[in-house]
Every structure is written in C-alpha cells, then in structure tokens.
>>> print(open('target.txt').read())   # compact mmCIF, C-alpha atoms
# COMPACT_ATOMS: atom_id res chain seq x y z
CA MET U 1 -10.70 -5.20 7.02
CA LYS U 2 -7.70 -5.49 9.33
CA ASN U 3 -7.00 -1.78 9.05
CA ARG U 4 -10.47 -1.02 10.43
CA ILE U 5 -9.96 -3.06 13.61
CA PRO U 6 -7.96 -0.39 15.56
CA LEU U 7 -10.54 2.27 14.68
CA ARG U 8 -13.38 -0.02 15.71
CA ARG U 9 -11.66 -0.75 19.02
CA THR U 10 -11.23 2.97 19.64
CA MET U 11 -14.90 3.63 18.96
CA ILE U 12 -15.96 0.78 21.26
CA GLY U 13 -13.56 1.90 23.99
CA TYR U 14 -14.73 5.51 23.98
CA SER U 15 -18.37 4.43 23.79
CA LEU U 16 -17.93 2.21 26.85
CA LEU U 17 -16.08 5.00 28.64
CA ILE U 18 -18.94 7.43 27.99
CA ALA U 19 -21.48 4.85 29.11
CA ILE U 20 -19.59 4.15 32.34
CA ALA U 21 -19.22 7.89 33.04
CA VAL U 22 -22.96 8.41 32.54
CA ILE U 23 -23.83 5.49 34.80
CA GLN U 24 -21.39 6.72 37.45
CA GLN U 25 -22.93 10.19 37.40
CA LEU U 26 -26.41 8.72 37.72
CA VAL U 27 -25.38 6.60 40.70
CA VAL U 28 -23.66 9.55 42.41
CA LEU U 29 -26.65 11.82 41.88
CA TRP U 30 -28.99 9.09 43.10
CA ASN U 31 -26.88 8.66 46.24
CA VAL U 32 -26.83 12.42 46.81
CA TYR U 33 -30.59 12.50 46.39
CA LEU U 34 -31.08 9.72 48.95
CA ASN U 35 -28.55 10.87 51.56
CA GLN U 36 -28.49 14.60 50.84
CA GLN U 37 -24.69 14.66 51.02
CA PHE U 38 -21.55 14.17 48.97
CA GLY U 39 -18.85 13.22 51.43
CA VAL U 40 -15.21 12.17 51.40
CA LEU U 41 -16.12 8.56 50.63
CA GLU U 42 -17.97 9.44 47.43
CA LEU U 43 -15.15 11.78 46.38
CA SER U 44 -12.52 9.09 47.03
CA ILE U 45 -14.41 6.53 44.98
CA ALA U 46 -14.82 8.99 42.10
CA ILE U 47 -11.09 9.72 42.17
CA GLY U 48 -10.44 5.97 42.27
CA SER U 49 -12.38 5.59 39.01
CA LEU U 50 -10.12 8.11 37.33
CA VAL U 51 -7.05 6.36 38.75
CA GLY U 52 -8.36 3.06 37.34
CA LEU U 53 -8.76 4.62 33.90
CA ALA U 54 -5.23 6.04 34.04
CA ALA U 55 -3.88 2.64 35.16
CA GLY U 56 -5.52 0.96 32.16
CA LEU U 57 -4.04 3.55 29.80
CA TRP U 58 -0.48 3.58 31.11
CA LEU U 59 0.19 0.21 32.78
CA PRO U 60 1.01 -2.95 30.80
CA ARG U 61 -1.83 -5.41 30.31
CA GLY U 62 -0.47 -7.98 32.77
CA ILE U 63 0.01 -5.41 35.54
CA SER U 64 -3.51 -4.08 34.87
CA VAL U 65 -4.98 -7.56 35.39
CA VAL U 66 -3.06 -7.95 38.66
CA PHE U 67 -4.21 -4.47 39.70
CA ILE U 68 -7.86 -5.43 39.07
CA PHE U 69 -7.53 -8.66 41.07
CA ILE U 70 -5.87 -6.96 44.07
CA PHE U 71 -8.40 -4.12 43.99
CA MET U 72 -11.46 -6.38 43.87
CA VAL U 73 -10.23 -8.58 46.74
CA SER U 74 -9.25 -5.56 48.88
CA TYR U 75 -12.40 -3.64 48.05
CA PHE U 76 -14.63 -6.63 48.80
CA VAL U 77 -12.97 -7.14 52.18
CA TRP U 78 -13.32 -3.42 52.97
CA MET U 79 -16.93 -3.40 51.79
CA VAL U 80 -18.06 -6.31 54.03
CA THR U 81 -16.17 -5.10 57.10
CA TYR U 82 -16.01 -1.29 57.25
CA ALA U 83 -17.84 0.32 54.35
CA PRO U 84 -21.40 1.61 54.75
CA LEU U 85 -23.97 -0.35 52.82
CA ASN U 86 -25.21 1.86 50.02
CA PRO U 87 -25.58 1.49 46.25
CA ILE U 88 -22.63 3.68 45.32
CA VAL U 89 -20.19 1.60 47.39
CA PHE U 90 -21.44 -1.66 45.84
CA PHE U 91 -21.53 -0.24 42.34
CA HIS U 92 -17.90 0.90 42.44
CA LEU U 93 -16.77 -2.66 43.13
CA PHE U 94 -17.33 -3.20 39.40
CA LEU U 95 -17.00 0.35 38.11
CA ILE U 96 -13.32 0.87 38.88
CA PRO U 97 -12.21 -2.45 37.27
CA ALA U 98 -14.39 -1.54 34.28
CA ASN U 99 -12.47 1.74 33.97
CA VAL U 100 -9.21 -0.19 33.97
CA LEU U 101 -10.45 -2.53 31.23
CA VAL U 102 -11.76 0.34 29.10
CA GLY U 103 -8.46 2.20 29.49
CA SER U 104 -6.60 -0.93 28.34
CA LEU U 105 -8.91 -1.27 25.33
CA ILE U 106 -8.37 2.36 24.34
CA LYS U 107 -4.60 1.98 24.74
CA LEU U 108 -4.64 -1.15 22.55
CA SER U 109 -6.56 0.67 19.85
CA LEU U 110 -4.27 3.72 20.02
CA ILE U 111 -1.22 1.47 19.65
CA GLY U 112 -2.85 -0.12 16.62
CA ASP U 113 -3.58 3.29 15.15
CA ARG U 114 0.01 4.40 15.68
CA ARG U 115 1.40 1.27 14.03
CA LEU U 116 -0.98 1.70 11.12
CA ALA U 117 0.05 5.34 10.73
CA GLU U 118 3.73 4.36 10.77
CA ARG U 119 3.08 1.70 8.14
CA LEU U 120 1.23 4.18 5.94
CA GLU U 121 4.11 6.64 6.24
CA GLN U 122 6.48 3.91 5.10
CA LEU U 123 4.24 3.03 2.17
CA GLN U 124 4.18 6.66 1.05
CA ASP U 125 7.84 6.34 0.14
CA VAL U 126 7.37 3.03 -1.67
CA THR U 127 6.36 3.08 -5.32
CA PRO U 128 4.90 -0.17 -6.67
CA GLN U 129 7.13 -1.52 -9.43
CA LEU U 130 4.42 -3.59 -11.12
CA ASP U 131 0.91 -2.59 -12.09
CA ILE U 132 -1.40 -5.39 -10.93
CA ASP U 133 -3.93 -4.90 -13.72
CA THR U 134 -1.60 -4.55 -16.71
CA THR U 135 1.42 -6.48 -15.27
CA LEU U 136 3.59 -3.69 -16.69
CA GLY U 137 6.67 -2.67 -14.77
CA ASN U 138 7.37 1.01 -14.17
CA LYS U 139 10.51 3.06 -14.77
CA THR U 140 12.10 1.94 -11.49
CA ALA U 141 11.60 -1.71 -12.40
CA LEU U 142 12.98 -1.01 -15.88
CA ASN U 143 16.13 0.53 -14.43
CA GLU U 144 16.72 -2.46 -12.14
CA ALA U 145 16.14 -4.94 -14.97
CA LEU U 146 18.44 -3.02 -17.30
CA ILE U 147 21.26 -2.96 -14.74
CA LYS U 148 20.83 -6.68 -14.03
CA HIS U 149 20.87 -7.78 -17.66
CA SER U 150 23.67 -5.45 -18.70
CA ASN U 151 25.81 -6.82 -15.87
CA LEU U 152 25.05 -10.38 -16.93
CA ALA U 153 25.80 -9.57 -20.56
CA ARG U 154 29.12 -7.98 -19.68
CA ARG U 155 30.17 -10.79 -17.32
CA TYR U 156 29.18 -13.58 -19.72
CA ALA U 157 29.71 -11.79 -23.01
CA ASP U 158 30.25 -14.99 -24.96
CA ARG U 159 27.13 -16.73 -23.63
CA TYR U 160 24.57 -14.05 -22.73
CA ASN U 161 23.00 -11.16 -24.57
CA PHE U 162 19.78 -9.19 -24.61
CA CYS U 163 17.88 -6.71 -26.72
CA ILE U 164 15.63 -3.85 -25.72
CA ALA U 165 12.82 -2.29 -27.74
CA MET U 166 10.41 0.62 -27.38
CA PHE U 167 6.90 1.04 -28.78
CA LYS U 168 5.55 4.56 -28.75
CA ILE U 169 1.98 5.69 -29.31
CA GLU U 170 2.00 8.61 -31.72
CA PHE U 171 -0.41 11.57 -31.39
CA LEU U 172 -0.95 10.68 -27.73
CA PRO U 173 -2.93 13.84 -26.76
CA LEU U 174 -5.39 13.13 -29.58
CA VAL U 175 -5.68 9.49 -28.49
CA ARG U 176 -6.43 10.47 -24.90
CA GLU U 177 -9.00 13.01 -26.01
CA SER U 178 -10.66 10.43 -28.26
CA VAL U 179 -11.06 7.71 -25.61
CA GLY U 180 -11.21 9.67 -22.34
CA SER U 181 -9.30 8.94 -19.14
CA ALA U 182 -11.16 5.71 -18.32
CA GLY U 183 -10.92 4.55 -21.92
CA TYR U 184 -7.19 5.26 -21.98
CA ALA U 185 -6.69 3.04 -18.93
CA ARG U 186 -8.57 0.23 -20.71
CA LEU U 187 -6.50 0.84 -23.82
CA LEU U 188 -3.26 0.42 -21.85
CA LEU U 189 -4.59 -2.86 -20.47
CA LEU U 190 -5.46 -4.08 -23.96
CA LEU U 191 -2.07 -3.08 -25.37
CA SER U 192 -0.32 -4.80 -22.46
CA ASP U 193 -2.20 -8.03 -23.22
CA THR U 194 -1.35 -7.64 -26.90
CA ILE U 195 2.36 -7.25 -26.17
CA GLN U 196 2.31 -10.23 -23.81
CA LYS U 197 0.88 -12.47 -26.55
CA GLN U 198 3.76 -11.56 -28.86
CA ILE U 199 6.69 -12.09 -26.46
CA ARG U 200 8.03 -15.04 -24.52
CA PHE U 201 7.32 -15.76 -20.89
CA GLU U 202 10.90 -14.89 -19.93
CA ASP U 203 10.76 -11.48 -21.61
CA TYR U 204 10.01 -8.30 -19.65
CA LYS U 205 7.55 -5.52 -20.45
CA PHE U 206 7.38 -2.03 -18.99
CA ALA U 207 5.41 1.17 -19.42
CA ILE U 208 6.78 4.65 -18.86
CA ASP U 209 5.16 8.02 -19.42
CA ASN U 210 3.92 9.49 -22.70
CA GLY U 211 2.50 6.25 -24.06
CA ARG U 212 5.82 4.42 -24.30
CA PHE U 213 6.18 0.67 -23.83
CA ILE U 214 9.54 -1.05 -23.46
CA ILE U 215 10.41 -4.74 -23.61
CA ILE U 216 13.66 -6.49 -22.66
CA CYS U 217 14.31 -9.77 -24.45
CA PRO U 218 17.13 -11.87 -22.97
CA MET U 219 19.02 -14.29 -25.19
CA THR U 220 17.49 -12.91 -28.38
CA ASN U 221 19.26 -13.06 -31.73
CA LYS U 222 19.64 -9.58 -33.15
CA ASP U 223 18.57 -10.89 -36.57
CA TYR U 224 15.25 -11.88 -35.02
CA LEU U 225 14.74 -8.55 -33.29
CA GLN U 226 13.50 -6.59 -36.31
CA PRO U 227 10.73 -9.07 -37.23
CA LEU U 228 9.76 -9.21 -33.55
CA THR U 229 9.42 -5.47 -33.15
CA ARG U 230 7.47 -5.18 -36.38
CA ARG U 231 5.11 -7.97 -35.35
CA ILE U 232 4.46 -6.35 -31.96
CA ARG U 233 4.02 -2.91 -33.52
CA ASP U 234 1.56 -4.21 -36.11
CA ALA U 235 -0.37 -6.17 -33.47
CA MET U 236 -0.70 -3.03 -31.34
CA MET U 237 -1.98 -1.00 -34.28
CA ASP U 238 -4.43 -3.75 -35.27
CA VAL U 239 -6.24 -3.87 -31.91
CA TYR U 240 -9.88 -2.90 -32.08
CA PHE U 241 -10.80 -0.21 -29.58
CA PRO U 242 -13.83 2.10 -29.92
CA ASP U 243 -13.44 5.78 -29.10
CA LEU U 244 -16.01 7.98 -27.36
CA SER U 245 -18.01 8.30 -30.58
CA ALA U 246 -18.14 4.48 -31.00
CA GLN U 247 -15.76 4.67 -33.95
CA GLU U 248 -12.72 2.42 -34.23
CA LEU U 249 -9.61 4.07 -32.84
CA GLN U 250 -6.82 4.31 -35.39
CA LEU U 251 -3.57 3.85 -33.48
CA VAL U 252 -0.19 4.80 -34.84
CA VAL U 253 2.68 3.04 -33.08
CA ARG U 254 6.37 3.50 -33.81
CA SER U 255 9.07 1.10 -32.69
CA GLY U 256 12.79 1.26 -32.08
CA ALA U 257 15.28 -1.18 -30.61
CA LEU U 258 18.82 -1.58 -29.34
CA VAL U 259 21.20 -4.51 -29.21
CA PHE U 260 23.45 -4.67 -26.17
CA HIS U 261 27.20 -4.63 -26.68
CA ALA U 262 29.63 -5.25 -23.83
CA GLU U 263 31.83 -2.30 -24.80
CA GLN U 264 28.84 0.01 -24.24
CA PHE U 265 28.25 -1.16 -20.67
CA GLU U 266 28.89 2.24 -19.07
CA GLN U 267 26.31 3.89 -21.32
CA TYR U 268 23.69 1.37 -20.21
CA GLU U 269 24.11 2.54 -16.63
CA SER U 270 22.14 5.66 -17.61
CA LEU U 271 18.50 4.72 -18.05
CA ASP U 272 17.63 8.14 -19.43
CA GLY U 273 20.33 7.73 -22.06
CA VAL U 274 18.96 4.36 -23.13
CA ILE U 275 15.43 5.75 -23.30
CA ALA U 276 16.65 8.71 -25.35
CA ALA U 277 18.42 6.35 -27.79
CA LEU U 278 15.29 4.23 -28.12
CA GLU U 279 13.25 7.40 -28.64
CA ARG U 280 15.53 8.44 -31.50
CA ASN U 281 15.22 5.02 -33.10
CA THR U 282 11.42 5.13 -32.94
CA GLU U 283 11.49 8.19 -35.18
CA THR U 284 12.64 6.03 -38.10
CA ASP U 285 11.71 2.55 -36.81
CA LEU U 286 15.37 1.57 -36.56
CA ILE U 287 17.29 -1.04 -34.62
CA GLY U 288 20.37 0.65 -33.25
CA GLU U 289 23.65 -1.17 -32.92
CA TYR U 290 25.12 1.60 -30.83
CA ILE U 291 23.90 4.33 -28.52
>>> encode(input="target.txt", output="structure tokens")
Amino acid sequence: MKNRIPLRRTMIGYSLLIAIAVIQQLVVLWNVYLNQQFGVLELSIAIGSLVGLAAGLWLPRGISVVFIFIFMVSYFVWMVTYAPLNPIVFFHLFLIPANVLVGSLIKLSLIGDRRLAERLEQLQDVTPQLDIDTTLGNKTALNEALIKHSNLARRYADRYNFCIAMFKIEFLPLVRESVGSAGYARLLLLLSDTIQKQIRFEDYKFAIDNGRFIIICPMTNKDYLQPLTRRIRDAMMDVYFPDLSAQELQLVVRSGALVFHAEQFEQYESLDGVIAALERNTETDLIGEYI
C-alpha cells in the first residue's frame, strides 16, 4: 500500500493541474468575451500562473509557503488599490497559489517515485536467503553457514563439531512431470516440513537446485549421523502426495553425509567442492569421513 502512495499523489497532482488549467482557460475566454480584448494584464497573470507552477516544482516546501503568503498579501493590496475589478483579476488571487501547491504536490510525488525506483534497483541485486513458505535457505545462505561452522569447528576443535548431509530426489524430471509446476512447489513445502520434524531446532536446512536438500547439524555425534540421515530419507519417501492422475507419488530419495575434520578446513571453503562430495556420497548412501 505504501508503494502506491507516490503514484496516487502524482495522479492527484496532474488531475488538479489539468482542472486548474481548464478553469483558467474558461475564465480567460469569458473575460475576452465580455471585454473583447486580451491585454497585457491578462497575459501577465497567465504568465504568473506558470511561474507559480514552476516555483512549486523547484522551490523547497518552506520557501513555497512563504512565496504564497507574500504573493497573496501583495496581490490583495494591488487588487483593492490599482487593479480593475473584473472576474479574472479576482480569480487569479487563488489560482496562482493553487498552481504553487499543485507543483509542490507533483514534486513530492516525483521524489517518492524516484526513491521507490532507487529502492527497487537495490532490491534487484539482493537475493533472499530464506524462502518464507518453506523456511529453506538457498545456496548463498548455505555457503555462509558452512563458512561459519567450519571456522567454529577449526577454532574450537576439541569442543565443537558439525555434520552436513544431502538428500536428493531421484528421477526429478519424471517427478516434475507427474505433479506439475504447482504440485512440485507444494511437494517442496511438504518435504521441508518433513525434514523439519526430523531435525532439531538448532539444525539448519537448505534447498539448492535439482531437488537437493542439505542440512547442517552442529554438535552431532558422527555415530548418530547415519541413523539420522536414514530416518530423514525414509520419512521423505513415505510422504503421501498425489500426482496429476490422483495416484500416490512414489518418491526415491538418496542421502549422503560428511563429517567435518579440522585438517580439511581449506576444502570446506569451496561450497561447490562440498556439494560435489555430498553428491558422490548420495550415489551409494554413504557417510564420508573425508572429501
């Protein structure tokens, strides 16, 4: 809703500007019809309207308010002392300040549009690291988490460790064809919930391309890792999900895991290398001691 406010202000400003221009033209034509002339006074007032619009567009808001006050006082004094009494003179007492106000409103909306455009340009370069629906981190979040935990495990080798595991959906093209694009998105959400029920609150879960899920489990005994990965893998394959023909989808999930070792710290700096090692281990459902 906030993003629509600058656009709404622009529409209101231009609508008011068009309305004022139409009214001004009607008053000028009416005055020409009555007096059968368009003299220097009418031309000066018309130019003053344009000057008021330019002042509203280019001058700061405070100066515009002062400009309106000085103009109305000066114009009123001139009108009651020297100016001829006719509708166009009286009408421009309010028309020129209205032009200033409309110009200020348009400027405010244009500034809002520019700030919104700058913000959108900044957001184009920002990739969300967490999917709101599935609560799965992406590859960037995985890289940051891997660097953080590998640094902790190296610094406190005698007190801190972590394990990392991958779960890969086999025959992914066939799965996507069976459930469709919308169904595949729901399937990812279901698998994310399934993984979350099998891990601890302090564990991390991520999803990268090609139907691969990765978890990082801090302070996990390596002897416990194999039963954990098997339990998660079996839970993922046991989920009930109907395909497009209303038949139960038969998922095949492979798992592989790694146990961090301080002497392998440099190899953990390469996320692609870790993913490749996990990928190799999923081929035989192994837990790798080394990359």
>>> atom_distance(input="target.txt", atom1="CA of Leu191 (chain U)", atom2="CA of Ile214 (chain U)")
11.9 Å
>>> closest_residue(input="target.txt", among="U:Asp238, U:Glu269, U:Glu283, U:Asp223", to="Leu142 (chain U)", atoms="only C-alpha atoms")
U:Glu269
>>> atom_distance(input="target.txt", atom1="CA of Leu172 (chain U)", atom2="CA of Asn143 (chain U)")
23.9 Å
>>> closest_residue(input="target.txt", among="U:Gly52, U:Gly137, U:Gly62, U:Gly183", to="Leu249 (chain U)", atoms="all atoms listed in the file")
U:Gly183
>>> closest_residue(input="target.txt", among="U:Phe167, U:Phe162, U:Val66, U:His261", to="Glu202 (chain U)", atoms="only C-alpha atoms")
U:Phe162
>>> residues_around(input="target.txt", residues="Pro218 (chain U)", least_positions_apart="3", cutoff="9 Å", atoms="all atoms listed in the file", output="ChimeraX atom specification")
/U:149,160-164,202-204
>>> residues_around(input="target.txt", residues="Gly180 (chain U)", least_positions_apart="5", cutoff="9 Å", atoms="all atoms listed in the file", output="ChimeraX atom specification")
/U:175,185,243-244
>>> write_last_selection(input="target.txt", atoms="C-alpha atoms", output="PDB file, in the coordinates of the input")
ATOM      1  CA  VAL U 175      -5.680   9.490 -28.490  1.00  0.00           C
ATOM      2  CA  ALA U 185      -6.690   3.040 -18.930  1.00  0.00           C
ATOM      3  CA  ASP U 243     -13.440   5.780 -29.100  1.00  0.00           C
ATOM      4  CA  LEU U 244     -16.010   7.980 -27.360  1.00  0.00           C
TER       5      LEU U 244
END
>>> closest_residue(input="target.txt", among="U:Glu263, U:Glu170, U:Asp209, U:Glu248", to="Ile275 (chain U)", atoms="only C-alpha atoms")
U:Asp209
>>> atom_distance(input="target.txt", atom1="CA of Tyr75 (chain U)", atom2="CA of Leu108 (chain U)")
26.8 Å
>>> closest_residue(input="target.txt", among="U:Lys197, U:Lys168, U:Lys222, U:Lys205", to="Ser255 (chain U)", atoms="all atoms listed in the file")
U:Lys168
>>> closest_residue(input="target.txt", among="U:Phe90, U:Phe241, U:Phe201, U:Tyr156", to="Tyr184 (chain U)", atoms="only C-alpha atoms")
U:Phe241
>>> decode(input="target.txt", residues="region 191-224 of chain U", atoms="N, CA and C atoms", output="compact mmCIF listing (two decimals), in the first residue's frame")
# COMPACT_ATOMS: atom_id res chain seq x y z
N LEU U 191 8.02 -31.60 1.79
CA LEU U 191 9.30 -32.20 2.15
C LEU U 191 10.06 -31.35 3.16
N SER U 192 9.95 -30.02 3.03
CA SER U 192 10.58 -29.14 4.01
C SER U 192 10.00 -29.36 5.40
N ASP U 193 8.67 -29.47 5.49
CA ASP U 193 8.04 -29.74 6.78
C ASP U 193 8.46 -31.10 7.32
N THR U 194 8.60 -32.06 6.43
CA THR U 194 9.01 -33.41 6.86
C THR U 194 10.42 -33.39 7.42
N ILE U 195 11.32 -32.70 6.75
CA ILE U 195 12.70 -32.60 7.25
C ILE U 195 12.73 -31.90 8.60
N GLN U 196 11.95 -30.82 8.72
CA GLN U 196 11.95 -30.05 9.97
C GLN U 196 11.50 -30.90 11.15
N LYS U 197 10.58 -31.82 10.93
CA LYS U 197 10.09 -32.67 12.02
C LYS U 197 11.13 -33.69 12.47
N GLN U 198 12.14 -33.94 11.63
CA GLN U 198 13.14 -34.96 11.94
C GLN U 198 14.43 -34.37 12.51
N ILE U 199 14.60 -33.06 12.46
CA ILE U 199 15.84 -32.45 12.94
C ILE U 199 15.55 -31.59 14.16
N ARG U 200 16.61 -31.13 14.78
CA ARG U 200 16.46 -30.28 15.96
C ARG U 200 16.24 -28.83 15.56
N PHE U 201 15.81 -28.04 16.52
CA PHE U 201 15.57 -26.63 16.25
C PHE U 201 16.85 -25.90 15.86
N GLU U 202 17.98 -26.32 16.42
CA GLU U 202 19.23 -25.62 16.13
C GLU U 202 19.91 -26.09 14.85
N ASP U 203 19.34 -27.08 14.18
CA ASP U 203 19.88 -27.53 12.90
C ASP U 203 19.42 -26.60 11.77
N TYR U 204 20.12 -26.68 10.66
CA TYR U 204 19.83 -25.82 9.51
C TYR U 204 19.40 -26.68 8.33
N LYS U 205 18.47 -26.16 7.53
CA LYS U 205 18.06 -26.87 6.31
C LYS U 205 18.10 -25.91 5.13
N PHE U 206 18.50 -26.44 3.99
CA PHE U 206 18.66 -25.64 2.78
C PHE U 206 18.14 -26.43 1.59
N ALA U 207 17.86 -25.71 0.52
CA ALA U 207 17.46 -26.34 -0.74
C ALA U 207 18.24 -25.68 -1.86
N ILE U 208 18.89 -26.49 -2.68
CA ILE U 208 19.57 -25.97 -3.86
C ILE U 208 18.90 -26.60 -5.09
N ASP U 209 19.44 -26.36 -6.25
CA ASP U 209 18.75 -26.80 -7.45
C ASP U 209 18.76 -28.31 -7.60
N ASN U 210 17.98 -28.79 -8.56
CA ASN U 210 17.91 -30.20 -8.93
C ASN U 210 17.41 -31.09 -7.79
N GLY U 211 16.46 -30.56 -7.01
CA GLY U 211 15.82 -31.39 -6.00
C GLY U 211 16.74 -31.86 -4.90
N ARG U 212 17.70 -31.03 -4.50
CA ARG U 212 18.65 -31.41 -3.46
C ARG U 212 18.41 -30.59 -2.20
N PHE U 213 18.31 -31.29 -1.07
CA PHE U 213 18.15 -30.68 0.23
C PHE U 213 19.41 -30.96 1.05
N ILE U 214 19.84 -29.96 1.81
CA ILE U 214 21.04 -30.10 2.62
C ILE U 214 20.73 -29.65 4.04
N ILE U 215 21.21 -30.38 5.01
CA ILE U 215 21.07 -29.99 6.41
C ILE U 215 22.46 -29.88 7.03
N ILE U 216 22.62 -28.96 7.97
CA ILE U 216 23.83 -28.83 8.77
C ILE U 216 23.43 -29.06 10.22
N CYS U 217 24.10 -29.99 10.86
CA CYS U 217 23.76 -30.37 12.23
C CYS U 217 24.95 -30.10 13.15
N PRO U 218 24.93 -28.97 13.87
CA PRO U 218 26.02 -28.68 14.79
C PRO U 218 26.02 -29.63 16.00
N MET U 219 27.18 -29.89 16.52
CA MET U 219 27.35 -30.69 17.72
C MET U 219 26.61 -32.03 17.61
N THR U 220 26.85 -32.71 16.50
CA THR U 220 26.21 -34.00 16.26
C THR U 220 27.26 -35.10 16.24
N ASN U 221 27.03 -36.13 17.02
CA ASN U 221 27.95 -37.28 17.04
C ASN U 221 27.90 -37.99 15.70
N LYS U 222 29.07 -38.29 15.16
CA LYS U 222 29.11 -38.92 13.84
C LYS U 222 28.47 -40.31 13.86
N ASP U 223 28.46 -40.96 15.03
CA ASP U 223 27.81 -42.27 15.13
C ASP U 223 26.30 -42.15 15.02
N TYR U 224 25.78 -40.99 15.32
CA TYR U 224 24.34 -40.76 15.24
C TYR U 224 23.92 -40.28 13.86
